[in-house]
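Listing of run37.txt, compact mmCIF, C-alpha atoms
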# COMPACT_ATOMS: atom_id res chain seq x y z
CA MET A 1 41.21 4.87 3.43
CA ASN A 2 38.71 4.94 6.26
CA THR A 3 35.72 5.39 4.03
CA ILE A 4 35.40 2.05 2.40
CA GLU A 5 32.30 1.77 0.31
CA PRO A 6 31.41 -1.87 0.61
CA LYS A 7 30.90 -3.83 -2.55
CA GLY A 8 27.34 -4.47 -3.62
CA ARG A 9 25.99 -1.76 -1.39
CA ASP A 10 23.97 0.55 -3.52
CA PRO A 11 22.75 3.74 -1.82
CA SER A 12 19.64 3.78 -4.00
CA LEU A 13 18.76 0.43 -2.46
CA ASP A 14 18.67 2.11 0.94
CA SER A 15 16.24 4.71 -0.23
CA ALA A 16 14.17 1.97 -1.87
CA TRP A 17 14.14 0.20 1.48
CA THR A 18 12.90 3.37 3.15
CA LEU A 19 10.11 3.73 0.60
CA VAL A 20 8.85 0.21 1.26
CA PHE A 21 9.22 0.77 4.99
CA LEU A 22 7.04 3.89 4.72
CA ALA A 23 4.46 1.92 2.73
CA TRP A 24 4.45 -0.69 5.49
CA LEU A 25 4.01 2.03 8.10
CA ILE A 26 0.98 3.41 6.25
CA ALA A 27 -0.51 -0.07 5.82
CA SER A 28 -0.01 -0.83 9.53
CA VAL A 29 -1.53 2.45 10.70
CA SER A 30 -4.48 1.86 8.35
CA THR A 31 -4.96 -1.69 9.57
CA LEU A 32 -4.80 -0.78 13.24
CA GLY A 33 -7.03 2.22 12.58
CA ALA A 34 -9.61 0.04 10.84
CA LEU A 35 -9.51 -2.44 13.72
CA PHE A 36 -9.89 0.37 16.22
CA LEU A 37 -12.96 1.73 14.42
CA SER A 38 -14.67 -1.64 14.20
CA GLN A 39 -13.54 -3.43 17.37
CA VAL A 40 -13.18 -0.59 19.84
CA MET A 41 -15.56 2.09 18.59
CA ASP A 42 -18.06 -0.52 17.36
CA ILE A 43 -18.53 1.04 13.95
CA ALA A 44 -19.52 -1.96 11.83
CA PRO A 45 -17.69 -2.15 8.48
CA CYS A 46 -19.90 -2.17 5.38
CA VAL A 47 -19.34 -4.53 2.44
CA LEU A 48 -17.06 -2.12 0.55
CA CYS A 49 -15.03 -1.55 3.71
CA TRP A 50 -14.52 -5.29 3.97
CA TYR A 51 -13.15 -5.49 0.43
CA GLN A 52 -10.73 -2.68 1.17
CA ARG A 53 -9.65 -4.47 4.34
CA ILE A 54 -9.03 -7.63 2.33
CA PHE A 55 -6.44 -5.75 0.28
CA MET A 56 -4.98 -3.63 3.08
CA PHE A 57 -4.41 -6.17 5.86
CA PRO A 58 -2.10 -8.55 3.90
CA LEU A 59 0.24 -5.65 3.05
CA VAL A 60 1.20 -5.49 6.73
CA PHE A 61 2.73 -8.97 6.36
CA ILE A 62 3.80 -9.06 2.72
CA LEU A 63 5.83 -5.83 2.79
CA PRO A 64 8.16 -6.82 5.67
CA ALA A 65 8.87 -10.09 3.87
CA GLY A 66 10.51 -8.00 1.17
CA LEU A 67 12.29 -5.75 3.67
CA PHE A 68 14.46 -8.42 5.35
CA PRO A 69 16.51 -8.92 3.26
CA PHE A 70 15.47 -6.24 0.81
CA ASP A 71 13.92 -7.71 -2.32
CA ALA A 72 12.66 -5.31 -4.97
CA ARG A 73 10.46 -8.03 -6.44
CA LEU A 74 8.08 -7.48 -3.55
CA VAL A 75 6.56 -4.72 -5.67
CA ARG A 76 5.25 -7.42 -8.02
CA TYR A 77 3.40 -9.04 -5.14
CA ALA A 78 2.27 -5.99 -3.21
CA LEU A 79 1.31 -3.55 -5.95
CA PRO A 80 -1.66 -5.56 -7.26
CA LEU A 81 -3.14 -5.53 -3.75
CA ALA A 82 -2.63 -1.78 -3.46
CA VAL A 83 -4.16 -1.13 -6.88
CA ALA A 84 -7.20 -3.32 -6.22
CA GLY A 85 -7.75 -1.70 -2.83
CA TRP A 86 -7.32 1.73 -4.40
CA MET A 87 -10.00 1.02 -6.98
CA ILE A 88 -12.49 -0.14 -4.35
CA ALA A 89 -11.68 2.85 -2.16
CA LEU A 90 -12.26 5.16 -5.14
CA PHE A 91 -15.57 3.46 -5.85
CA HIS A 92 -16.56 3.83 -2.20
CA VAL A 93 -15.68 7.53 -2.16
CA LEU A 94 -17.80 8.00 -5.29
CA VAL A 95 -20.71 6.16 -3.65
CA VAL A 96 -20.46 8.41 -0.60
CA ALA A 97 -20.24 11.51 -2.79
CA GLY A 98 -23.37 10.38 -4.62
CA VAL A 99 -21.60 10.21 -7.99
CA VAL A 100 -22.31 6.50 -8.36
CA PRO A 101 -26.07 5.95 -8.76
CA GLU A 102 -27.96 3.96 -6.16
CA ASN A 103 -28.92 0.99 -8.31
CA ILE A 104 -25.39 -0.23 -8.91
CA ARG A 105 -24.39 0.02 -5.29
CA PRO A 106 -23.41 -3.44 -4.07
CA CYS A 107 -24.19 -2.74 -0.43
CA ALA A 108 -27.81 -3.79 -0.23
CA GLN A 109 -27.48 -6.03 2.80
CA GLY A 110 -26.60 -4.99 6.29
CA ILE A 111 -24.71 -1.78 6.86
CA PRO A 112 -25.21 0.98 4.30
CA CYS A 113 -21.98 2.10 2.62
CA LYS A 114 -23.24 5.56 1.93
CA GLU A 115 -23.91 6.52 5.51
CA GLN A 116 -20.85 8.02 7.17
CA GLN A 117 -20.44 7.87 10.93
CA ILE A 118 -17.22 9.85 10.88
CA GLU A 119 -16.46 13.11 9.19
CA TRP A 120 -13.32 14.77 10.54
CA PHE A 121 -12.81 18.43 9.64
CA GLY A 122 -16.05 18.24 7.68
CA PHE A 123 -14.70 16.20 4.78
CA LEU A 124 -12.39 13.41 5.97
CA THR A 125 -14.49 10.22 5.88
CA ILE A 126 -13.24 6.68 6.42
CA PRO A 127 -13.37 5.78 2.68
CA LEU A 128 -11.42 8.94 1.88
CA LEU A 129 -8.76 7.99 4.43
CA SER A 130 -8.61 4.57 2.79
CA LEU A 131 -8.24 6.10 -0.67
CA ILE A 132 -5.41 8.33 0.57
CA ALA A 133 -3.65 5.38 2.21
CA PHE A 134 -3.92 3.16 -0.89
CA SER A 135 -2.74 6.04 -3.11
CA LEU A 136 0.32 6.66 -0.95
CA ILE A 137 1.17 2.95 -0.75
CA GLY A 138 0.76 2.61 -4.53
CA LEU A 139 2.99 5.61 -5.23
CA LEU A 140 5.65 4.43 -2.78
CA LEU A 141 5.70 0.97 -4.35
CA LEU A 142 5.90 2.42 -7.86
CA SER A 143 8.85 4.61 -6.93
CA THR A 144 10.47 1.60 -5.27
CA TYR A 145 10.13 -0.22 -8.57
CA PHE A 146 11.78 2.58 -10.54
CA LYS A 147 14.49 3.12 -7.92
CA ALA A 148 15.41 -0.55 -7.82
CA SER A 149 15.33 -1.08 -11.59
CA LYS A 150 17.75 1.80 -12.16
CA MET B 1 46.46 -9.93 4.56
CA LYS B 2 45.19 -6.46 3.73
CA LYS B 3 42.42 -7.88 1.67
CA ARG B 4 41.18 -10.00 4.55
CA VAL B 5 40.85 -6.98 6.80
CA GLN B 6 38.84 -5.18 4.19
CA VAL B 7 36.50 -8.11 3.73
CA LYS B 8 35.97 -8.21 7.45
CA LYS B 9 35.07 -4.53 7.51
CA ASP B 10 32.71 -5.04 4.61
CA VAL B 11 30.93 -7.72 6.51
CA GLN B 12 30.70 -5.48 9.54
CA ILE B 13 29.16 -2.58 7.64
CA LYS B 14 26.85 -4.88 5.79
CA LYS B 15 25.74 -6.29 9.08
CA GLU B 16 25.20 -2.93 10.75
CA GLY B 17 22.87 -1.68 8.01
CA PRO B 18 20.34 -4.49 8.30
CA GLN B 19 20.57 -4.44 12.07
CA LEU B 20 19.66 -0.77 12.20
CA LYS B 21 16.83 -1.40 9.77
CA LYS B 22 15.58 -4.28 11.86
CA ALA B 23 15.70 -2.12 14.95
CA ILE B 24 13.74 0.63 13.19
CA PHE B 25 11.21 -1.88 11.94
CA ILE B 26 10.69 -3.66 15.25
CA GLY B 27 10.68 -0.35 17.13
CA SER B 28 7.95 1.01 14.86
CA ALA B 29 5.90 -2.16 15.16
CA VAL B 30 6.10 -2.07 18.95
CA LEU B 31 5.29 1.64 19.01
CA LEU B 32 2.25 1.15 16.77
CA VAL B 33 0.91 -1.64 18.96
CA LEU B 34 1.52 0.41 22.11
CA VAL B 35 -0.34 3.40 20.68
CA PHE B 36 -3.16 1.07 19.68
CA VAL B 37 -3.43 -0.45 23.16
CA LEU B 38 -3.21 2.97 24.80
CA GLY B 39 -5.94 4.18 22.45
CA ILE B 40 -8.19 1.31 23.48
CA PHE B 41 -7.56 2.05 27.13
CA LEU B 42 -8.28 5.77 26.80
CA TYR B 43 -11.34 5.25 24.65
CA GLU B 44 -12.83 2.62 26.96
CA SER B 45 -12.25 4.61 30.13
CA GLU B 46 -13.86 7.65 28.54
CA ARG B 47 -16.80 5.56 27.41
CA LEU B 48 -17.24 4.04 30.87
CA ASP B 49 -17.09 7.51 32.39
CA LYS B 50 -19.80 8.64 30.04
CA SER B 51 -22.11 5.70 30.74
CA VAL B 52 -21.60 5.94 34.51
CA LYS B 53 -22.55 9.61 34.30
CA ALA B 54 -25.47 8.89 32.01
CA ALA B 55 -26.75 6.24 34.43
CA GLU B 56 -26.33 8.57 37.43
CA GLN B 57 -28.16 11.38 35.74
CA ASN B 58 -30.89 9.17 34.40
CA LEU B 59 -31.76 6.89 37.28
CA THR B 60 -35.45 7.29 36.43
CA PHE B 61 -34.71 5.95 32.94
CA LEU B 62 -33.32 2.77 34.44
CA ALA B 63 -36.38 1.36 36.14
CA ARG B 64 -39.88 1.80 34.82
CA GLY B 65 -43.00 0.41 36.42
CA HIS B 66 -43.99 -1.50 33.32
CA SER B 67 -40.98 -3.83 33.17
CA PRO B 68 -41.22 -7.54 33.95
CA ARG B 69 -39.58 -8.31 37.27
CA LEU B 70 -38.12 -11.33 38.98
CA GLY B 71 -37.10 -11.71 42.60
CA PRO B 72 -38.47 -10.15 45.80
CA VAL B 73 -39.38 -6.44 45.70
CA GLU B 74 -37.43 -5.77 48.90
CA ALA B 75 -34.16 -7.17 47.50
CA LYS B 76 -31.54 -4.45 47.79
CA VAL B 77 -29.53 -5.36 44.69
CA HIS B 78 -31.34 -4.42 41.52
CA ILE B 79 -30.14 -5.71 38.17
CA VAL B 80 -31.58 -3.96 35.16
CA GLU B 81 -30.96 -5.87 31.96
CA PHE B 82 -31.55 -4.43 28.53
CA PHE B 83 -32.03 -7.36 26.22
CA ASP B 84 -33.10 -8.43 22.77
CA PRO B 85 -34.90 -11.79 22.48
CA ALA B 86 -33.14 -12.37 19.14
CA CYS B 87 -29.65 -11.72 20.53
CA GLY B 88 -27.52 -14.82 20.99
CA THR B 89 -25.45 -13.39 23.83
CA CYS B 90 -28.62 -12.47 25.72
CA ARG B 91 -29.68 -16.08 25.33
CA GLU B 92 -26.39 -17.26 26.83
CA PHE B 93 -26.56 -14.78 29.70
CA TYR B 94 -30.10 -15.68 30.75
CA PRO B 95 -29.16 -18.83 32.75
CA LEU B 96 -26.05 -17.08 34.09
CA VAL B 97 -28.12 -14.26 35.53
CA LYS B 98 -30.52 -16.81 37.02
CA ASP B 99 -27.54 -18.57 38.63
CA LEU B 100 -26.37 -15.28 40.12
CA MET B 101 -29.83 -14.76 41.57
CA LYS B 102 -29.87 -18.29 42.95
CA ALA B 103 -26.45 -17.86 44.52
CA ASN B 104 -27.62 -14.69 46.26
CA ARG B 105 -31.09 -15.83 47.19
CA ASP B 106 -33.58 -13.03 47.98
CA LYS B 107 -30.91 -10.37 47.69
CA ILE B 108 -31.33 -9.67 43.98
CA ARG B 109 -34.22 -8.52 41.88
CA LEU B 110 -34.13 -8.35 38.11
CA SER B 111 -35.92 -6.00 35.77
CA LEU B 112 -35.98 -6.77 32.08
CA ARG B 113 -35.95 -3.93 29.59
CA TYR B 114 -36.26 -4.36 25.86
CA ALA B 115 -33.70 -3.26 23.32
CA PRO B 116 -34.89 -5.13 20.21
CA PHE B 117 -32.06 -4.06 17.91
CA HIS B 118 -32.32 -7.09 15.60
CA ALA B 119 -34.66 -6.87 12.63
CA GLY B 120 -38.07 -8.26 13.54
CA ALA B 121 -37.20 -8.68 17.22
CA ASP B 122 -39.85 -6.16 18.25
CA ASN B 123 -42.51 -8.65 17.15
CA VAL B 124 -41.04 -11.25 19.49
CA VAL B 125 -41.13 -8.69 22.30
CA ARG B 126 -44.81 -8.20 21.46
CA ILE B 127 -45.43 -11.93 21.86
CA LEU B 128 -43.64 -11.91 25.24
CA GLU B 129 -45.65 -8.95 26.47
CA ALA B 130 -48.88 -10.50 25.24
CA ALA B 131 -47.98 -13.74 27.06
CA ARG B 132 -47.40 -11.68 30.19
CA LYS B 133 -51.07 -10.77 30.16
CA GLN B 134 -51.78 -14.48 30.56
CA ASP B 135 -49.26 -14.74 33.43
CA LYS B 136 -46.99 -16.93 31.35
CA TYR B 137 -44.19 -14.45 30.77
CA TRP B 138 -41.19 -16.38 32.08
CA GLN B 139 -42.19 -19.72 30.57
CA THR B 140 -42.69 -18.01 27.23
CA LEU B 141 -39.38 -16.18 27.51
CA GLU B 142 -37.56 -19.41 28.25
CA ALA B 143 -39.22 -21.23 25.35
CA VAL B 144 -38.42 -18.32 23.03
CA LEU B 145 -34.78 -18.16 24.11
CA ALA B 146 -34.34 -21.95 23.92
CA SER B 147 -35.57 -22.04 20.32
CA GLN B 148 -33.85 -18.82 19.27
CA PRO B 149 -31.41 -20.43 16.80
CA TYR B 150 -34.41 -21.81 14.92
CA TRP B 151 -36.52 -18.66 14.64
CA ALA B 152 -33.68 -16.14 14.34
CA PRO B 153 -31.49 -17.48 11.55
CA ASN B 154 -28.97 -14.93 10.25
CA HIS B 155 -29.79 -12.52 13.08
CA LYS B 156 -33.25 -11.86 11.72
CA ALA B 157 -36.26 -12.69 13.84
CA GLU B 158 -38.93 -14.55 11.89
CA VAL B 159 -42.08 -14.35 13.93
CA GLU B 160 -43.81 -17.14 11.97
CA ARG B 161 -41.18 -19.55 13.26
CA VAL B 162 -41.83 -18.51 16.86
CA TRP B 163 -45.45 -19.68 17.04
CA PRO B 164 -44.75 -23.42 16.85
CA GLN B 165 -42.32 -23.08 19.79
CA LEU B 166 -45.09 -21.94 22.11
CA GLY B 167 -47.36 -24.95 21.52
CA ASN B 168 -47.28 -26.66 24.91
CA LEU B 169 -47.23 -23.67 27.24
CA GLY B 170 -51.02 -23.55 27.52
CA LEU B 171 -51.20 -20.10 26.00
CA ASP B 172 -54.32 -18.74 24.40
CA MET B 173 -52.72 -18.15 21.01
CA GLU B 174 -55.71 -16.33 19.56
CA ARG B 175 -55.56 -13.87 22.41
CA ILE B 176 -51.80 -13.37 21.95
CA ARG B 177 -52.26 -12.56 18.28
CA ARG B 178 -54.95 -10.07 19.30
CA ASP B 179 -53.05 -8.53 22.23
CA MET B 180 -49.60 -8.21 20.71
CA TYR B 181 -50.42 -5.09 18.73
CA ALA B 182 -52.11 -3.30 21.64
CA PRO B 183 -51.06 0.36 21.96
CA GLU B 184 -49.75 -0.20 25.49
CA ILE B 185 -47.18 -2.68 24.13
CA ASP B 186 -46.19 -0.09 21.53
CA GLY B 187 -45.68 2.24 24.46
CA VAL B 188 -43.48 -0.24 26.36
CA ILE B 189 -41.20 -0.80 23.36
CA THR B 190 -40.95 2.89 22.51
CA GLN B 191 -40.22 3.81 26.12
CA ASP B 192 -37.58 1.09 26.55
CA LEU B 193 -35.83 2.05 23.33
CA ALA B 194 -35.86 5.72 24.32
CA ASP B 195 -34.41 4.86 27.75
CA ALA B 196 -31.78 2.63 26.15
CA LYS B 197 -30.71 5.55 24.01
CA ALA B 198 -30.58 7.91 26.98
CA LEU B 199 -28.44 5.41 28.89
CA ASN B 200 -25.98 4.85 26.04
CA VAL B 201 -27.09 1.25 25.54
CA THR B 202 -25.96 0.35 22.03
CA MET B 203 -25.46 -3.41 22.40
CA THR B 204 -27.31 -6.19 24.13
CA PRO B 205 -27.29 -7.48 26.75
CA GLU B 206 -26.42 -4.46 28.85
CA PHE B 207 -26.57 -4.69 32.61
CA PHE B 208 -26.90 -2.08 35.31
CA VAL B 209 -26.41 -3.21 38.89
CA ASN B 210 -27.84 -0.66 41.32
CA GLY B 211 -27.39 1.94 38.63
CA ARG B 212 -23.81 1.02 37.71
CA PRO B 213 -23.04 -0.19 34.18
CA LEU B 214 -20.57 -2.98 33.43
CA PRO B 215 -17.00 -1.61 33.29
CA SER B 216 -16.45 -3.79 30.24
CA PHE B 217 -18.56 -6.53 28.76
CA GLY B 218 -18.26 -10.05 30.15
CA TYR B 219 -19.76 -12.51 32.60
CA GLU B 220 -16.91 -12.14 35.10
CA GLN B 221 -17.40 -8.38 35.13
CA LEU B 222 -21.11 -8.85 35.79
CA ARG B 223 -20.46 -11.34 38.57
CA LYS B 224 -17.99 -9.00 40.22
CA LEU B 225 -20.35 -6.03 39.95
CA VAL B 226 -23.14 -8.10 41.52
CA ASP B 227 -20.88 -9.49 44.26
CA ASP B 228 -19.69 -5.99 45.14
CA ALA B 229 -23.23 -4.69 45.26
CA VAL B 230 -24.36 -7.61 47.44
CA ALA B 231 -21.42 -7.13 49.81
CA LYS B 232 -22.25 -3.44 50.09
CA ALA B 233 -25.99 -3.88 50.58
CA TYR B 234 -25.74 -6.87 52.94
CA PRO B 235 -22.65 -6.29 55.07
Can you present the structure in this file as structure tokens?
Amino acid sequence: MNTIEPKGRDPSLDSAWTLVFLAWLIASVSTLGALFLSQVMDIAPCVLCWYQRIFMFPLVFILPAGLFPFDARLVRYALPLAVAGWMIALFHVLVVAGVVPENIRPCAQGIPCKEQQIEWFGFLTIPLLSLIAFSLIGLLLLSTYFKASK
Amino acid sequence: MKKRVQVKKDVQIKKEGPQLKKAIFIGSAVLLVLVFVLGIFLYESERLDKSVKAAEQNLTFLARGHSPRLGPVEAKVHIVEFFDPACGTCREFYPLVKDLMKANRDKIRLSLRYAPFHAGADNVVRILEAARKQDKYWQTLEAVLASQPYWAPNHKAEVERVWPQLGNLGLDMERIRRDMYAPEIDGVITQDLADAKALNVTMTPEFFVNGRPLPSFGYEQLRKLVDDAVAKAYP
């Protein structure tokens, strides 16, 4: 009699909440990390970095809007941002790797996108970090969608 | 009656869930911001440490005989400014530095070093150095800085737009055009850029007051550094 399962409380909703919360955590760490690199370490962002920022920064504010109270429809609003950012991050990684030929690189002006100021452990560049973050956020949002639609 | 109790409990549990979640969310947000701020603090203090050490080890890099100077030679407080004629902040700091010198009359001398980081700015440095040969350095510098927004649109120095700004300074323009590519001016720019690199100067303007770099960038920081140096040198 003590364990009353309240009506309308679906345990899968809780795990969906956690997934979105994790996505928010990744977006926030990425945003603060990007700001640290540009504002504190004075590493100027190139054009492609700016486009990735455009899709990463809003997630920090859009995701919590769907957390309180939990609203699974947030996936509809957040996933397009994550996918667009993911595609640009992928493109950027390919540019850095030299897979994408020079002439279609859209970073003619200002800071070159190919040059990498940071290479942790010999392979972890900023665009790669971005690609990992967007991938994780995308996967978390997708699983939120499937969890909530069950 | 029983039903009412149950509803109340429901409400309580429903309330606790979101409250815990809110606490987790707010806690994480605060933690992230704290880590960020701590990171800034650690990074900046390490950077300041490095530049203080670099300046101490490289005192000879700070002052070179070739640099333009202002103020009496015997002044005990020496400001070394690395600057770029095309840099907007350098333009804003120029009158501020002059005010500092005026406020501490005869106690401060200023040496200008070049760090032409903007595209094309080295050509403007060449004009300044060539004007120096005609003893019109400071007038030329002031005219160049005053008209900077016109000749450096989009952070790119366009030397062709500089010439018209120098019209009424009484400069021998033909001579400037001849002198500006002299090898000794090449040498000045190369030396200043090499020294800037050795001293960790990556942005302009950068100030050193009696060998000490700014703890963080800003006019107040510069004023305090100068005031401290003046108080120490002239007790």
What are the closest atom pairs, with distances in Å to one decimal, for all residues of stretch 19-77 of chain A lying within 10 Å of stretch 21-35 of chain B? Consider only C-alpha atoms, order rows by chain and residue number, and present the result as a tab-separated table.
residue	atom	partner	partner_atom	distance
A:Phe21	CA	B:Phe25	CA	7.7
A:Trp24	CA	B:Phe25	CA	9.4
A:Leu25	CA	B:Ser28	CA	7.9
A:Ser28	CA	B:Leu32	CA	7.8
A:Val29	CA	B:Leu32	CA	7.3
A:Leu32	CA	B:Leu32	CA	8.1
A:Pro64	CA	B:Phe25	CA	8.5
A:Leu67	CA	B:Lys21	CA	8.8
A:Phe68	CA	B:Lys22	CA	7.8
A:Pro69	CA	B:Lys22	CA	9.8
Original post:
What gap, in Å, lies between atom CA of B:Val209 and atom CA of B:Ile79?
Top reply: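 Between atom CA of B:Val209 and atom CA of B:Ile79 the gap works out to 4.5 Å.
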Original post:
Using only C-alpha atoms, which residues sit within 7 Å of stretch 45-61 of chain B once same-chain residues fewer than 4 positions away are excluded, as a list in words?
Top reply: Phe41, Asp195, Leu199, Asn200, Gly211, Arg212, Pro213 and Pro215 of chain B
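Nearest to chain A of all the residues B:Ala152, B:Met203, B:Ala63, B:Ala103 is B:Met203, counting only C-alpha atoms.
Here atom CA of B:Arg64 and atom CA of B:Ala198 stand 13.6 Å from one another.
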Original post:
Please, what distance in Å, to one decimal, runs between atom CA of B:Leu42 and atom CA of B:Pro205?
Top reply: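 Straight-line distance from atom CA of B:Leu42 to atom CA of B:Pro205 works out to 23.2 Å.
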If you take every atom of stretch 128-131 of chain A that the file lists and fit an axis-aligned box around them with 4 Å extra on each side, what centre and edge lengths come out in Å to one decimal, as AutoDock Vina command-line options?
--center_x -9.8 --center_y 6.8 --center_z 1.9 --size_x 11.2 --size_y 12.4 --size_z 13.1
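Shortest atom-to-atom contact with B:Glu81 among B:Gln191, B:Gln134, B:Thr204, B:Gln139: B:Thr204, counting all atoms listed in the file.
All residues of protein, DNA or RNA that reach within 8 Å of B:Leu110, judged by all atoms listed in the file and not counting those fewer than 2 positions away in the chain, are B:Arg69, B:Leu70, B:Gly71, B:His78, B:Ile79, B:Val80, B:Glu81, B:Ile108, B:Leu112.
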Just the selected residues (C-alpha atoms), exported as a tab-separated table (two decimals), in the frame of the given file, please.
chain	number	residue	atom	x	y	z
B	69	ARG	CA	-39.58	-8.31	37.27
B	70	LEU	CA	-38.12	-11.33	38.98
B	71	GLY	CA	-37.10	-11.71	42.60
B	78	HIS	CA	-31.34	-4.42	41.52
B	79	ILE	CA	-30.14	-5.71	38.17
B	80	VAL	CA	-31.58	-3.96	35.16
B	81	GLU	CA	-30.96	-5.87	31.96
B	108	ILE	CA	-31.33	-9.67	43.98
B	112	LEU	CA	-35.98	-6.77	32.08
Subject >> Neighbour list for stretch 176-180 of chain B as a PyMOL selection string, cut-off 7 Å, all atoms listed in the file, skip fewer than 5 positions in-chain >> reply: chain B and resi 126-127+130-131+185
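Counting only C-alpha atoms, the residue from A:Val40, A:Ile26, A:Val20, A:Val75 that sits nearest to chain B is A:Val40.
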**OP:** Give the answer as one residue: which of B:Pro85, B:Gly120, B:Glu129, B:Asp228 has the shortest atom-to-atom distance to B:Ala143, using all atoms listed in the file?
**Re:**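 Looking only at the distances to B:Ala143, the closest residue turns out to be B:Pro85.
Using all atoms listed in the file, the nearest neighbour of A:Ala78 within the list A:Leu48, A:Val95, A:Met41, A:Leu142 is A:Leu142.
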Subject >> Residue with smallest distance to A:Tyr145 - pool A:Leu79, A:Phe55, A:Leu131, A:Ser38, counting all atoms listed in the file >> reply: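 The shortest atom-to-atom distance to A:Tyr145 comes from A:Leu79.
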**OP:** Fewer than 3 positions away in the same chain doesn't count, so skip those; otherwise give me all residues within 10 Å of stretch 123-129 of chain A, counting all atoms listed in the file, as a list of chain:residue names.
**Re:** A:Ser30, A:Gly33, A:Ala34, A:Leu37, A:Leu48, A:Cys49, A:Gln52, A:Ile88, A:Ala89, A:Leu90, A:Phe91, A:His92, A:Val93, A:Leu94, A:Val95, A:Val96, A:Cys113, A:Lys114, A:Gln116, A:Gln117, A:Ile118, A:Glu119, A:Trp120, A:Ile132, A:Ala133, A:Phe134, A:Ser135
As a tab-separated table (two decimals), in the coordinates of the input, the rebuilt stretch 12-25 of chain A with N, CA and C atoms:
chain	number	residue	atom	x	y	z
A	12	SER	N	21.04	3.66	-3.55
A	12	SER	CA	19.64	3.78	-4.00
A	12	SER	C	18.78	2.65	-3.43
A	13	LEU	N	19.48	1.54	-3.08
A	13	LEU	CA	18.76	0.43	-2.46
A	13	LEU	C	18.24	0.84	-1.09
A	14	ASP	N	19.07	1.64	-0.39
A	14	ASP	CA	18.67	2.11	0.94
A	14	ASP	C	17.43	2.97	0.87
A	15	SER	N	17.42	3.86	-0.16
A	15	SER	CA	16.24	4.71	-0.23
A	15	SER	C	15.03	3.89	-0.68
A	16	ALA	N	15.27	2.86	-1.49
A	16	ALA	CA	14.17	1.97	-1.87
A	16	ALA	C	13.63	1.27	-0.63
A	17	TRP	N	14.56	0.85	0.24
A	17	TRP	CA	14.14	0.20	1.48
A	17	TRP	C	13.25	1.13	2.28
A	18	THR	N	13.67	2.40	2.37
A	18	THR	CA	12.90	3.37	3.15
A	18	THR	C	11.51	3.56	2.56
A	19	LEU	N	11.42	3.56	1.23
A	19	LEU	CA	10.11	3.73	0.60
A	19	LEU	C	9.17	2.59	0.98
A	20	VAL	N	9.69	1.36	0.91
A	20	VAL	CA	8.85	0.21	1.26
A	20	VAL	C	8.49	0.25	2.75
A	21	PHE	N	9.47	0.67	3.55
A	21	PHE	CA	9.22	0.77	4.99
A	21	PHE	C	8.08	1.76	5.26
A	22	LEU	N	8.10	2.90	4.55
A	22	LEU	CA	7.04	3.89	4.72
A	22	LEU	C	5.69	3.30	4.30
A	23	ALA	N	5.71	2.56	3.19
A	23	ALA	CA	4.46	1.92	2.73
A	23	ALA	C	3.94	0.97	3.80
A	24	TRP	N	4.87	0.23	4.42
A	24	TRP	CA	4.45	-0.69	5.49
A	24	TRP	C	3.85	0.08	6.67
A	25	LEU	N	4.49	1.22	6.98
A	25	LEU	CA	4.01	2.03	8.10
A	25	LEU	C	2.57	2.49	7.83
